[in-house]
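Undergrad: My structure is in upload_33.txt, and what it holds is compact mmCIF, C-alpha atoms (C1' of nucleotides):
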```txt
# COMPACT_ATOMS: atom_id res chain seq x y z
CA MET A 283 22.22 22.08 50.08
CA SER A 284 19.62 21.61 47.43
CA ILE A 285 20.34 21.71 43.72
CA ALA A 286 18.17 23.38 41.13
CA GLN A 287 15.27 21.26 40.05
CA LYS A 288 15.72 20.17 36.47
CA ILE A 289 14.57 17.26 34.39
CA ILE A 290 16.23 15.36 31.60
CA VAL A 291 14.24 13.43 29.01
CA ILE A 292 15.80 10.67 26.94
CA LEU A 293 13.73 9.55 24.00
CA GLY A 294 14.17 7.82 20.69
CA GLN A 295 12.98 5.03 18.49
CA THR A 296 12.71 1.49 19.67
CA ALA A 297 16.06 -0.31 19.85
CA SER A 298 18.00 2.93 19.65
CA GLY A 299 19.68 2.43 23.01
CA LYS A 300 17.74 4.70 25.34
CA SER A 301 17.93 2.60 28.48
CA GLY A 302 21.69 2.23 28.43
CA LEU A 303 22.22 5.91 27.78
CA ALA A 304 19.85 6.88 30.57
CA VAL A 305 21.67 4.69 33.08
CA LYS A 306 25.01 6.23 32.14
CA LEU A 307 23.63 9.73 32.55
CA ALA A 308 21.98 8.82 35.82
CA LYS A 309 25.28 7.55 37.18
CA LYS A 310 27.12 10.59 35.96
CA PHE A 311 24.65 13.19 37.19
CA ASN A 312 23.13 11.54 40.24
CA GLY A 313 19.81 10.74 38.70
CA GLU A 314 16.96 8.30 38.92
CA ILE A 315 15.09 7.01 35.95
CA ILE A 316 11.40 7.20 35.22
CA SER A 317 10.36 4.88 32.44
CA ALA A 318 8.15 6.44 29.76
CA ASP A 319 7.05 3.25 28.11
CA SER A 320 3.42 2.29 27.78
CA ARG A 321 4.16 -1.44 27.83
CA GLN A 322 6.90 -1.70 30.42
CA VAL A 323 4.44 -0.61 33.07
CA TYR A 324 3.00 -4.11 32.96
CA LYS A 325 4.18 -6.91 35.19
CA GLY A 326 5.30 -10.06 33.43
CA MET A 327 5.97 -8.28 30.16
CA ASP A 328 9.74 -8.22 30.27
CA ILE A 329 11.46 -9.80 27.29
CA GLY A 330 8.94 -8.57 24.76
CA THR A 331 9.17 -5.01 25.99
CA GLY A 332 12.91 -5.04 26.45
CA LYS A 333 12.60 -4.17 30.09
CA ILE A 334 15.93 -3.36 31.66
CA SER A 335 17.42 -6.13 33.84
CA LYS A 336 18.57 -5.68 37.39
CA ARG A 337 22.16 -6.00 36.27
CA GLU A 338 21.73 -3.39 33.55
CA LYS A 339 20.23 -0.95 36.03
CA GLN A 340 23.62 -0.80 37.74
CA GLY A 341 22.05 0.25 40.96
CA ILE A 342 20.14 3.14 39.46
CA LEU A 343 16.58 3.38 40.72
CA HIS A 344 13.93 2.91 38.02
CA HIS A 345 10.37 4.13 38.46
CA LEU A 346 7.17 3.14 36.69
CA LEU A 347 8.20 -0.33 35.70
CA ASP A 348 5.87 -3.17 36.71
CA VAL A 349 3.22 -0.92 38.16
CA ALA A 350 0.19 -2.53 36.52
CA SER A 351 -1.29 -5.92 35.82
CA PRO A 352 -1.50 -6.83 32.15
CA LYS A 353 -5.02 -8.01 32.84
CA ARG A 354 -6.23 -4.51 33.32
CA ARG A 355 -5.90 -1.50 31.15
CA PHE A 356 -3.35 1.14 32.00
CA THR A 357 -3.83 4.65 30.65
CA VAL A 358 -1.95 7.89 30.06
CA ALA A 359 -3.87 9.59 32.83
CA GLU A 360 -2.55 7.12 35.37
CA TYR A 361 0.87 7.37 33.90
CA LYS A 362 0.91 11.12 34.20
CA LYS A 363 -0.09 11.08 37.86
CA MET A 364 2.44 8.46 38.76
CA ALA A 365 5.21 10.13 36.82
CA LEU A 366 4.60 13.49 38.50
CA ALA A 367 4.67 11.79 41.87
CA ALA A 368 7.94 10.09 40.99
CA ILE A 369 9.46 13.38 39.86
CA ASN A 370 8.66 15.00 43.20
CA LYS A 371 10.00 12.05 45.09
CA ILE A 372 13.28 12.23 43.21
CA PHE A 373 13.57 15.97 43.76
CA LYS A 374 13.18 15.40 47.48
CA LYS A 375 16.28 13.26 47.36
CA ASN A 376 18.10 16.08 45.61
CA LYS A 377 18.48 13.94 42.55
CA ILE A 378 17.68 14.56 38.97
CA PRO A 379 14.75 12.77 37.32
CA ILE A 380 15.52 11.24 33.95
CA LEU A 381 12.40 10.47 31.98
CA CYS A 382 13.32 7.77 29.51
CA GLY A 383 11.19 6.02 26.94
CA GLY A 384 9.72 5.83 23.52
CA THR A 385 6.08 6.59 24.17
CA GLY A 386 5.78 10.11 22.85
CA PHE A 387 2.29 10.66 24.15
CA TYR A 388 3.30 9.73 27.70
CA ILE A 389 6.29 12.05 27.58
CA GLN A 390 4.18 14.87 26.26
CA ALA A 391 1.49 14.29 28.85
CA VAL A 392 4.07 14.83 31.57
CA VAL A 393 6.32 17.48 30.09
CA ASP A 394 3.59 19.63 28.60
CA GLY A 395 1.10 18.71 31.28
CA ILE A 396 -1.73 17.83 28.96
CA ALA A 397 -4.97 18.06 30.89
CA ILE A 398 -6.71 14.79 30.27
CA PRO A 399 -10.47 15.08 30.87
CA GLU A 400 -11.47 13.54 34.17
CA VAL A 401 -13.75 10.99 32.59
CA LYS A 402 -12.97 7.38 33.22
CA PRO A 403 -13.48 4.85 30.44
CA ASP A 404 -17.06 3.60 30.47
CA LEU A 405 -16.82 0.14 29.01
CA LEU A 406 -20.55 -0.36 28.86
CA LEU A 407 -21.08 2.84 26.92
CA ARG A 408 -18.18 1.98 24.67
CA SER A 409 -19.48 -1.41 23.74
CA GLY A 410 -22.85 0.11 22.98
CA LEU A 411 -21.34 2.78 20.76
CA ASN A 412 -19.22 0.20 19.07
CA SER A 413 -22.25 -1.23 17.32
CA LEU A 414 -22.78 2.05 15.46
CA ASN A 415 -21.03 2.70 12.21
CA THR A 416 -18.33 5.34 11.99
CA GLU A 417 -20.50 7.90 10.28
CA ALA A 418 -23.16 7.59 12.94
CA LEU A 419 -20.53 8.07 15.63
CA PHE A 420 -19.35 11.21 13.93
CA GLU A 421 -22.91 12.55 13.68
CA LYS A 422 -23.31 11.89 17.37
CA ILE A 423 -20.29 13.88 18.44
CA LYS A 424 -21.23 16.59 15.99
CA LYS A 425 -24.52 16.98 17.77
CA LEU A 426 -23.04 16.76 21.27
CA ASP A 427 -19.95 18.90 20.69
CA PRO A 428 -19.63 20.67 17.34
CA ARG A 429 -16.34 22.23 18.35
CA ARG A 430 -14.67 18.89 18.97
CA ALA A 431 -16.32 17.38 15.90
CA ASN A 432 -14.53 20.00 13.91
CA THR A 433 -11.06 18.96 14.98
CA ILE A 434 -11.48 15.24 15.48
CA ASP A 435 -10.48 12.61 12.94
CA ARG A 436 -13.94 11.62 11.70
CA TYR A 437 -12.77 8.20 10.56
CA ASN A 438 -11.14 7.19 13.80
CA ARG A 439 -13.74 5.20 15.70
CA ARG A 440 -11.69 4.92 18.85
CA ARG A 441 -11.30 8.68 19.13
CA LEU A 442 -14.92 9.29 18.25
CA ILE A 443 -16.11 6.93 20.95
CA ARG A 444 -13.88 8.52 23.56
CA ALA A 445 -15.05 12.00 22.58
CA ILE A 446 -18.69 10.94 22.90
CA GLU A 447 -17.88 9.37 26.25
CA ILE A 448 -16.45 12.64 27.52
CA ALA A 449 -19.19 14.79 26.05
CA LYS A 450 -21.91 12.62 27.57
CA LYS A 451 -20.34 12.86 30.97
CA ILE A 452 -19.28 16.48 31.23
CA GLY A 453 -21.07 18.22 28.37
CA VAL A 454 -18.29 18.85 25.92
CA VAL A 455 -14.71 17.81 25.32
CA PRO A 456 -12.71 20.62 26.95
CA VAL A 457 -10.37 22.69 24.81
CA LEU A 458 -6.93 21.18 25.13
CA GLN A 459 -5.21 22.61 28.18
CA LYS A 460 -1.52 22.41 28.88
CA ASN A 461 0.22 22.95 32.18
CA PRO A 462 3.89 22.44 31.41
CA LEU A 463 6.26 21.30 34.12
CA PRO A 464 7.49 24.29 36.10
CA TYR A 465 11.10 23.14 35.78
CA PRO A 466 13.66 23.39 33.01
CA VAL A 467 13.52 20.30 30.82
CA LEU A 468 16.27 19.04 28.55
CA MET A 469 15.03 16.74 25.82
CA ILE A 470 17.61 14.49 24.24
CA GLY A 471 16.77 12.21 21.33
CA ILE A 472 18.92 9.37 20.09
CA LYS A 473 19.48 9.57 16.36
CA LYS A 474 20.02 6.43 14.32
CA SER A 475 20.03 5.99 10.57
CA PRO A 476 17.18 3.85 9.23
CA GLU A 477 19.61 1.18 8.07
CA GLU A 478 21.34 0.99 11.41
CA LEU A 479 18.05 0.90 13.26
CA LYS A 480 16.78 -1.98 11.14
CA LYS A 481 19.88 -3.95 12.00
CA LEU A 482 19.50 -3.21 15.68
CA ILE A 483 15.87 -4.27 15.59
CA LYS A 484 16.73 -7.51 13.85
CA LYS A 485 19.49 -8.34 16.28
CA ARG A 486 17.33 -7.58 19.26
CA LEU A 487 14.40 -9.57 17.93
CA LEU A 488 16.46 -12.71 17.49
CA LYS A 489 17.95 -12.21 20.93
CA ARG A 490 14.52 -11.92 22.49
CA LEU A 491 13.35 -15.11 20.84
CA LYS A 492 16.39 -16.86 22.22
CA GLN A 493 15.73 -15.43 25.66
CA GLY A 494 12.34 -17.10 25.80
CA MET A 495 9.93 -14.49 24.58
CA ILE A 496 7.54 -17.14 23.31
CA ALA A 497 7.38 -18.76 26.73
CA GLU A 498 6.73 -15.34 28.25
CA VAL A 499 3.65 -14.86 26.09
CA LYS A 500 2.44 -18.38 26.86
CA LYS A 501 2.78 -17.59 30.52
CA LEU A 502 0.76 -14.40 30.15
CA ARG A 503 -1.96 -16.43 28.44
CA GLN A 504 -1.97 -18.97 31.25
CA SER A 505 -2.25 -16.23 33.82
CA GLY A 506 -5.46 -15.08 32.18
CA VAL A 507 -4.48 -12.48 29.60
CA SER A 508 -6.78 -12.93 26.62
CA TRP A 509 -5.75 -13.23 23.00
CA LYS A 510 -7.56 -9.99 22.41
CA GLN A 511 -5.52 -8.19 25.03
CA LEU A 512 -2.29 -9.60 23.62
CA GLU A 513 -3.38 -8.45 20.19
CA GLU A 514 -4.00 -5.00 21.60
CA PHE A 515 -0.56 -4.80 23.20
CA GLY A 516 0.86 -4.90 19.69
CA LEU A 517 4.23 -5.85 18.23
CA GLU A 518 5.85 -8.90 19.85
CA TYR A 519 2.75 -9.70 21.92
CA ARG A 520 0.42 -9.37 18.96
CA TRP A 521 2.51 -11.45 16.59
CA LEU A 522 3.42 -14.06 19.16
CA ALA A 523 -0.24 -14.45 20.04
CA ARG A 524 -0.98 -15.13 16.38
CA TYR A 525 1.89 -17.56 16.23
CA LEU A 526 0.72 -19.42 19.33
CA GLN A 527 -2.69 -19.72 17.73
CA SER A 528 -0.98 -21.33 14.71
CA LYS A 529 -1.99 -18.52 12.42
CA LEU A 530 1.51 -18.29 10.98
CA THR A 531 4.80 -20.14 10.85
CA ARG A 532 7.90 -19.19 12.74
CA THR A 533 9.63 -17.85 9.63
CA VAL A 534 6.67 -15.69 8.72
CA LEU A 535 6.41 -14.57 12.33
CA VAL A 536 9.94 -13.24 12.33
CA SER A 537 9.64 -11.38 9.04
CA LEU A 538 6.26 -9.80 9.74
CA LEU A 539 7.18 -8.84 13.28
CA GLN A 540 10.42 -7.29 12.09
CA LYS A 541 8.48 -5.25 9.54
CA ASP A 542 5.90 -4.22 12.12
CA ILE A 543 8.59 -3.02 14.51
CA GLU A 544 10.17 -1.02 11.71
CA HIS A 545 6.83 0.60 11.00
CA PHE A 546 6.41 1.38 14.67
CA ALA A 547 9.81 3.02 14.76
CA LYS A 548 8.76 5.26 11.89
CA ARG A 549 5.58 6.26 13.68
CA GLN A 550 7.62 7.14 16.74
CA MET A 551 9.77 9.38 14.60
CA THR A 552 6.71 11.08 13.12
CA TRP A 553 5.73 11.99 16.64
CA PHE A 554 9.16 13.20 17.76
CA LYS A 555 9.95 15.09 14.56
CA ARG A 556 7.52 17.87 15.24
CA ASP A 557 8.96 18.67 18.64
CA ASN A 558 11.74 21.13 18.03
CA ARG A 559 12.82 21.16 21.66
CA ILE A 560 14.58 17.86 21.15
CA TYR A 561 18.34 17.83 20.79
CA TRP A 562 19.35 14.88 18.64
CA VAL A 563 22.54 13.12 19.58
CA LYS A 564 24.56 10.23 18.21
CA ASN A 565 26.18 8.94 21.37
CA TYR A 566 26.71 9.20 25.11
CA LYS A 567 29.46 11.77 24.72
CA GLU A 568 27.17 14.24 23.00
CA ALA A 569 24.39 13.57 25.46
CA LYS A 570 26.71 14.02 28.40
CA SER A 571 27.98 17.35 27.23
CA LEU A 572 24.45 18.61 26.64
CA ALA A 573 23.42 17.44 30.09
CA GLN A 574 26.47 19.01 31.66
CA LYS A 575 25.71 22.41 30.18
CA PHE A 576 22.05 22.09 31.09
CA ILE A 577 22.80 21.33 34.72
CA ASN A 578 25.44 24.01 35.13
CA LYS A 579 23.28 26.70 33.63
C1' G B 19 6.42 -30.15 -33.58
C1' G B 20 1.03 -30.30 -31.34
C1' G B 21 -2.55 -28.82 -27.39
C1' C B 22 -3.92 -25.75 -23.37
C1' G B 23 -3.09 -21.75 -19.88
C1' G B 24 -0.70 -17.29 -18.94
C1' U B 25 2.08 -12.24 -19.65
C1' U B 26 -1.58 -5.89 -15.78
C1' G B 27 2.21 -0.40 -11.48
C1' G B 28 8.46 -2.36 -7.17
C1' C B 29 5.76 -7.29 -5.82
C1' G B 30 1.16 -10.21 -5.38
C1' G B 31 -3.43 -9.85 -7.79
C1' A B 32 -8.72 -8.29 -9.75
C1' G B 33 -10.91 -6.39 -14.15
C1' C B 34 -12.40 -9.90 -19.74
C1' A B 35 -15.57 -4.09 -24.35
C1' G B 36 -18.26 1.61 -21.90
C1' C B 37 -17.36 6.55 -16.41
C1' U B 38 -11.14 7.95 -12.14
C1' A B 39 -7.21 -0.17 -13.87
C1' A B 40 -10.34 -2.81 -7.61
C1' C B 41 -7.72 -4.67 -3.55
C1' G B 42 -3.45 -6.30 -0.66
C1' C B 43 1.91 -5.83 0.32
C1' A B 44 6.07 -2.70 0.13
C1' C B 45 7.33 2.43 0.01
C1' C B 46 6.45 7.81 1.26
C1' A B 47 3.95 11.42 4.22
C1' C B 48 0.77 12.67 8.23
C1' A B 49 -2.60 12.89 12.58
C1' C B 50 -2.90 11.96 17.76
C1' U B 51 -7.68 15.53 24.39
C1' G B 52 -7.75 8.35 29.78
C1' U B 53 -6.57 1.68 24.75
C1' A B 54 -0.83 5.44 22.09
C1' A B 55 3.89 -0.93 20.79
C1' A B 56 -2.76 1.26 20.21
C1' U B 57 -5.91 3.76 16.59
C1' G B 58 -6.69 6.43 12.20
C1' U B 59 -5.75 9.33 7.43
C1' G B 60 -3.58 10.71 2.66
C1' G B 61 -0.17 9.67 -1.44
C1' C B 62 2.13 6.01 -4.55
C1' G B 63 2.90 6.30 -14.09
C1' A B 64 4.92 11.21 -15.92
C1' C B 65 4.85 16.37 -16.26
C1' C B 66 2.94 21.35 -15.19
C1' U B 67 1.52 27.87 -14.00
C1' C B 68 -0.08 21.77 -8.67
C1' U B 69 -7.17 22.96 -3.64
C1' G B 70 -6.49 22.25 -10.48
C1' G B 71 -4.74 20.69 -15.34
C1' U B 72 -2.12 17.99 -19.50
C1' C B 73 -0.35 13.51 -21.32
C1' U B 74 0.76 8.26 -20.89
C1' U B 75 -0.18 3.11 -19.47
C1' C B 76 -2.20 -3.34 -18.98
C1' G B 77 4.57 -8.17 -23.14
C1' G B 78 5.66 -6.12 -28.87
C1' G B 79 3.24 -5.04 -33.56
C1' G B 80 -1.15 -4.87 -36.48
C1' G B 81 -6.62 -5.08 -36.91
C1' U B 82 -12.18 -4.79 -35.77
C1' G B 83 -15.52 -1.33 -32.94
C1' C B 84 -18.45 5.05 -31.63
C1' A B 85 -15.53 2.80 -27.63
C1' A B 86 -10.23 -2.44 -26.39
C1' G B 87 -6.05 -4.91 -20.55
C1' U B 88 -10.91 -6.69 -22.19
C1' C B 89 -12.51 -9.24 -29.19
C1' C B 90 -9.40 -10.95 -33.75
C1' C B 91 -4.46 -11.83 -36.19
C1' U B 92 0.65 -12.16 -35.44
C1' C B 93 5.40 -12.25 -32.92
C1' A B 94 8.07 -12.91 -28.26
C1' C B 95 8.50 -14.98 -23.53
C1' C B 96 6.85 -18.21 -19.28
C1' G B 97 4.20 -22.65 -17.36
C1' C B 98 1.75 -27.41 -17.81
C1' C B 99 0.38 -31.62 -20.89
C1' C B 100 1.14 -34.67 -25.44
C1' A B 101 4.95 -36.06 -28.88
```
What is this file in structure tokens?
TA:
Amino acid sequence: MSIAQKIIVILGQTASGKSGLAVKLAKKFNGEIISADSRQVYKGMDIGTGKISKREKQGILHHLLDVASPKRRFTVAEYKKMALAAINKIFKKNKIPILCGGTGFYIQAVVDGIAIPEVKPDLLLRSGLNSLNTEALFEKIKKLDPRRANTIDRYNRRRLIRAIEIAKKIGVVPVLQKNPLPYPVLMIGIKKSPEELKKLIKKRLLKRLKQGMIAEVKKLRQSGVSWKQLEEFGLEYRWLARYLQSKLTRTVLVSLLQKDIEHFAKRQMTWFKRDNRIYWVKNYKEAKSLAQKFINK
RNA sequence: GGGCGGUUGGCGGAGCAGCUAACGCACCACACUGUAAAUGUGGCGACCUCUGGUCUUCGGGGGUGCAAGUCCCUCACCGCCCA
């Protein structure tokens, strides 16, 4: 017999313990996990992203890990497609998909079904636009699409360039469309106090260094990933790239990276805070009871 | 004891007579339409009837000037050099 199709989402700040919680829930409720992490999709980026090990998976199937080369650019649009495919696949096995990760935008793209304009990045156009100053970019989108110009952040070059890219291709940037998943979704967030989270981040950072995170970044470099790309990946990859280029000492590396991760965690929270569908829990027990009720409903 | 340099917001640090004391860090808040661990924005002396207004501030005190972190005197403290 087939069970009702429902989805559980596990989210939270970096280092809050999402992966472990998701595995426990998956074991308990016969689930499979879909990673919602914009960096764990890349092959060869394991230690720095905190990718779950085979042992830690405890036999639970994980989707959307290692699905892209770090030499090319992965995007939300691809993520969304792949995640939806994974969800269907899991449903066919009569199992429950558990979307787990800290990339709020990716989670939202899937859960709310944000319609991302079907315009692929045009690198040539982008590099051309990049030579314009920010004001000029804003004027350009204002002329092409006044509606979008009205809502866009006029100081954010990256957004301006993308908006122009879309407008040039299909006329205007479409009004934001949402096609939410047609299944009940339970969103569980892991709540940690700022002090506790800082400690967890610190501990994990030192552990990663010990595990050979520096060598991992060196290896990525050797395989052809540019400094610029590493910089763009952010956090451990960004700071380690700077370290490997002798731009800072090891001590400075650790303190600045720690701070940067803390800042990132705050930004994640800013994103999650505004979503009032999220149930915030302290531990597995609370999560389990929520999930139990959700599934029985 | 003598000489020189310094003392600016939580920290670093500009300004050296004239509009709102730059900037960076930290901190707080926020945004997010194919880079989202990315990218961007605002606030950060106090108070209020808070899309604006009032007052205060550059180690202390005094002075000169229409106007003083900015010049002068003096005291305190810190640093370096000479005794």
Undergrad: Give me the chain B side of the contact with chain A, cut-off 12 Å, one line per residue showing its nearest atom pair and distance in Å at one decimal, counting all atoms listed in the file, sorted by chain and residue number, as a tab-separated table.
TA:
```
residue	atom	partner	partner_atom	distance
B:C43	C1'	A:Leu538	CA	11.1
B:A44	C1'	A:Lys541	CA	10.0
B:C45	C1'	A:His545	CA	11.2
B:C46	C1'	A:Lys548	CA	11.2
B:A47	C1'	A:Thr552	CA	9.3
B:C48	C1'	A:Thr552	CA	7.9
B:A49	C1'	A:Asp435	CA	7.9
B:C50	C1'	A:Phe387	CA	8.3
B:U51	C1'	A:Leu458	CA	5.7
B:G52	C1'	A:Ala359	CA	5.1
B:U53	C1'	A:Thr357	CA	7.2
B:A54	C1'	A:Phe387	CA	6.4
B:A55	C1'	A:Gly516	CA	5.1
B:A56	C1'	A:Glu514	CA	6.5
B:U57	C1'	A:Arg440	CA	6.3
B:G58	C1'	A:Asn438	CA	4.8
B:U59	C1'	A:Tyr437	CA	7.8
```
Undergrad: Between CA of Leu479 in chain A and CA of Lys564 in chain A, what distance in Å does the model show, to one decimal?
TA: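 Atom-to-atom, CA of Leu479 in chain A to CA of Lys564 in chain A, that is 12.4 Å.
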Undergrad: Neighbouring residues of range 23-38 of chain B were defined as those with any atom within 7 Å, considering all atoms listed in the file; residues of the same chain fewer than 6 positions away were excluded. Please report them as JSON, numbers by chain.
TA: {"B": [76, 77, 85, 86, 87, 88]}
Undergrad: Quote the spacing between CA of Leu381 in chain A and CA of Ile290 in chain A in Å to one decimal place.
TA: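 Between CA of Leu381 in chain A and CA of Ile290 in chain A the gap works out to 6.2 Å.
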Undergrad: Just need the box for range 64-72 of chain B, edges along x, y and z, holding every atom the file lists for it with 6 Å tacked onto each side, so centre and edge lengths in Å to one decimal, as lines of an AutoDock Vina configuration file.
TA:
```
center_x = -1.1
center_y = 19.5
center_z = -11.6
size_x = 24.1
size_y = 28.7
size_z = 27.9
```
Undergrad: Just give me the gap between CA of Met364 in chain A and CA of Ala449 in chain A in Å, one decimal is fine.
TA: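 Here the two named atoms are 25.9 Å from each other.
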Undergrad: Taking 3 positions as the minimum chain separation for residues in the same chain, which residues sit within 12 Å of G78 in chain B when counting all atoms listed in the file? Answer as a PyMOL selection string.
TA: chain B and resi 25+92-95
Undergrad: Pick the closest to Ile378 in chain A from A:Ile289, A:Ile496, A:Val534, A:Ile483: which is it, counting all atoms listed in the file?
TA: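 Result for the nearest residue to Ile378 in chain A: A:Ile289.
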Undergrad: What's around Ala418 in chain A at 12 Å? Count only C-alpha atoms (C1' of nucleotides), leave out sequence neighbours fewer than 2 positions away in its own chain, and write the answer as a PyMOL selection string.
TA: chain A and resi 411-416+420-425+436-437+439+442-443+446
Undergrad: Can you patch up range 467-488 of chain A, filling it in to N, CA and C atoms, and show the result as a JSON list (two decimals), keeping the file's coordinate frame?
TA:
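Dumped everything to rebuild-v7.json:
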```
[["chain", "number", "residue", "atom", "x", "y", "z"],
["A", 467, "VAL", "N", 13.48, 21.68, 31.33],
["A", 467, "VAL", "CA", 13.52, 20.30, 30.82],
["A", 467, "VAL", "C", 14.49, 20.24, 29.64],
["A", 468, "LEU", "N", 15.38, 19.27, 29.68],
["A", 468, "LEU", "CA", 16.27, 19.04, 28.55],
["A", 468, "LEU", "C", 15.81, 17.78, 27.83],
["A", 469, "MET", "N", 15.48, 17.91, 26.56],
["A", 469, "MET", "CA", 15.03, 16.74, 25.82],
["A", 469, "MET", "C", 16.12, 16.28, 24.87],
["A", 470, "ILE", "N", 16.55, 15.06, 25.08],
["A", 470, "ILE", "CA", 17.61, 14.49, 24.24],
["A", 470, "ILE", "C", 17.04, 13.30, 23.47],
["A", 471, "GLY", "N", 17.23, 13.32, 22.16],
["A", 471, "GLY", "CA", 16.77, 12.21, 21.33],
["A", 471, "GLY", "C", 17.96, 11.47, 20.75],
["A", 472, "ILE", "N", 17.84, 10.15, 20.68],
["A", 472, "ILE", "CA", 18.92, 9.37, 20.09],
["A", 472, "ILE", "C", 18.65, 9.18, 18.60],
["A", 473, "LYS", "N", 19.62, 9.60, 17.82],
["A", 473, "LYS", "CA", 19.48, 9.57, 16.36],
["A", 473, "LYS", "C", 20.18, 8.35, 15.78],
["A", 474, "LYS", "N", 19.42, 7.57, 15.01],
["A", 474, "LYS", "CA", 20.02, 6.43, 14.32],
["A", 474, "LYS", "C", 19.57, 6.47, 12.86],
["A", 475, "SER", "N", 20.43, 6.04, 11.98],
["A", 475, "SER", "CA", 20.03, 5.99, 10.57],
["A", 475, "SER", "C", 19.05, 4.82, 10.40],
["A", 476, "PRO", "N", 18.15, 4.92, 9.43],
["A", 476, "PRO", "CA", 17.18, 3.85, 9.23],
["A", 476, "PRO", "C", 17.84, 2.48, 9.03],
["A", 477, "GLU", "N", 18.94, 2.46, 8.32],
["A", 477, "GLU", "CA", 19.61, 1.18, 8.07],
["A", 477, "GLU", "C", 20.14, 0.59, 9.37],
["A", 478, "GLU", "N", 20.77, 1.44, 10.15],
["A", 478, "GLU", "CA", 21.34, 0.99, 11.41],
["A", 478, "GLU", "C", 20.24, 0.50, 12.34],
["A", 479, "LEU", "N", 19.15, 1.26, 12.37],
["A", 479, "LEU", "CA", 18.05, 0.90, 13.26],
["A", 479, "LEU", "C", 17.47, -0.46, 12.88],
["A", 480, "LYS", "N", 17.30, -0.69, 11.59],
["A", 480, "LYS", "CA", 16.78, -1.98, 11.14],
["A", 480, "LYS", "C", 17.66, -3.12, 11.63],
["A", 481, "LYS", "N", 18.95, -2.92, 11.54],
["A", 481, "LYS", "CA", 19.88, -3.95, 12.00],
["A", 481, "LYS", "C", 19.74, -4.19, 13.49],
["A", 482, "LEU", "N", 19.64, -3.09, 14.23],
["A", 482, "LEU", "CA", 19.50, -3.21, 15.68],
["A", 482, "LEU", "C", 18.21, -3.93, 16.05],
["A", 483, "ILE", "N", 17.15, -3.63, 15.32],
["A", 483, "ILE", "CA", 15.87, -4.27, 15.59],
["A", 483, "ILE", "C", 15.96, -5.77, 15.33],
["A", 484, "LYS", "N", 16.56, -6.11, 14.23],
["A", 484, "LYS", "CA", 16.73, -7.51, 13.85],
["A", 484, "LYS", "C", 17.50, -8.29, 14.93],
["A", 485, "LYS", "N", 18.62, -7.71, 15.30],
["A", 485, "LYS", "CA", 19.49, -8.34, 16.28],
["A", 485, "LYS", "C", 18.74, -8.56, 17.60],
["A", 486, "ARG", "N", 18.03, -7.53, 17.98],
["A", 486, "ARG", "CA", 17.33, -7.58, 19.26],
["A", 486, "ARG", "C", 16.18, -8.58, 19.22],
["A", 487, "LEU", "N", 15.51, -8.63, 18.08],
["A", 487, "LEU", "CA", 14.40, -9.57, 17.93],
["A", 487, "LEU", "C", 14.86, -11.01, 18.08],
["A", 488, "LEU", "N", 15.95, -11.35, 17.41],
["A", 488, "LEU", "CA", 16.46, -12.71, 17.49],
["A", 488, "LEU", "C", 16.92, -13.03, 18.91]]
```
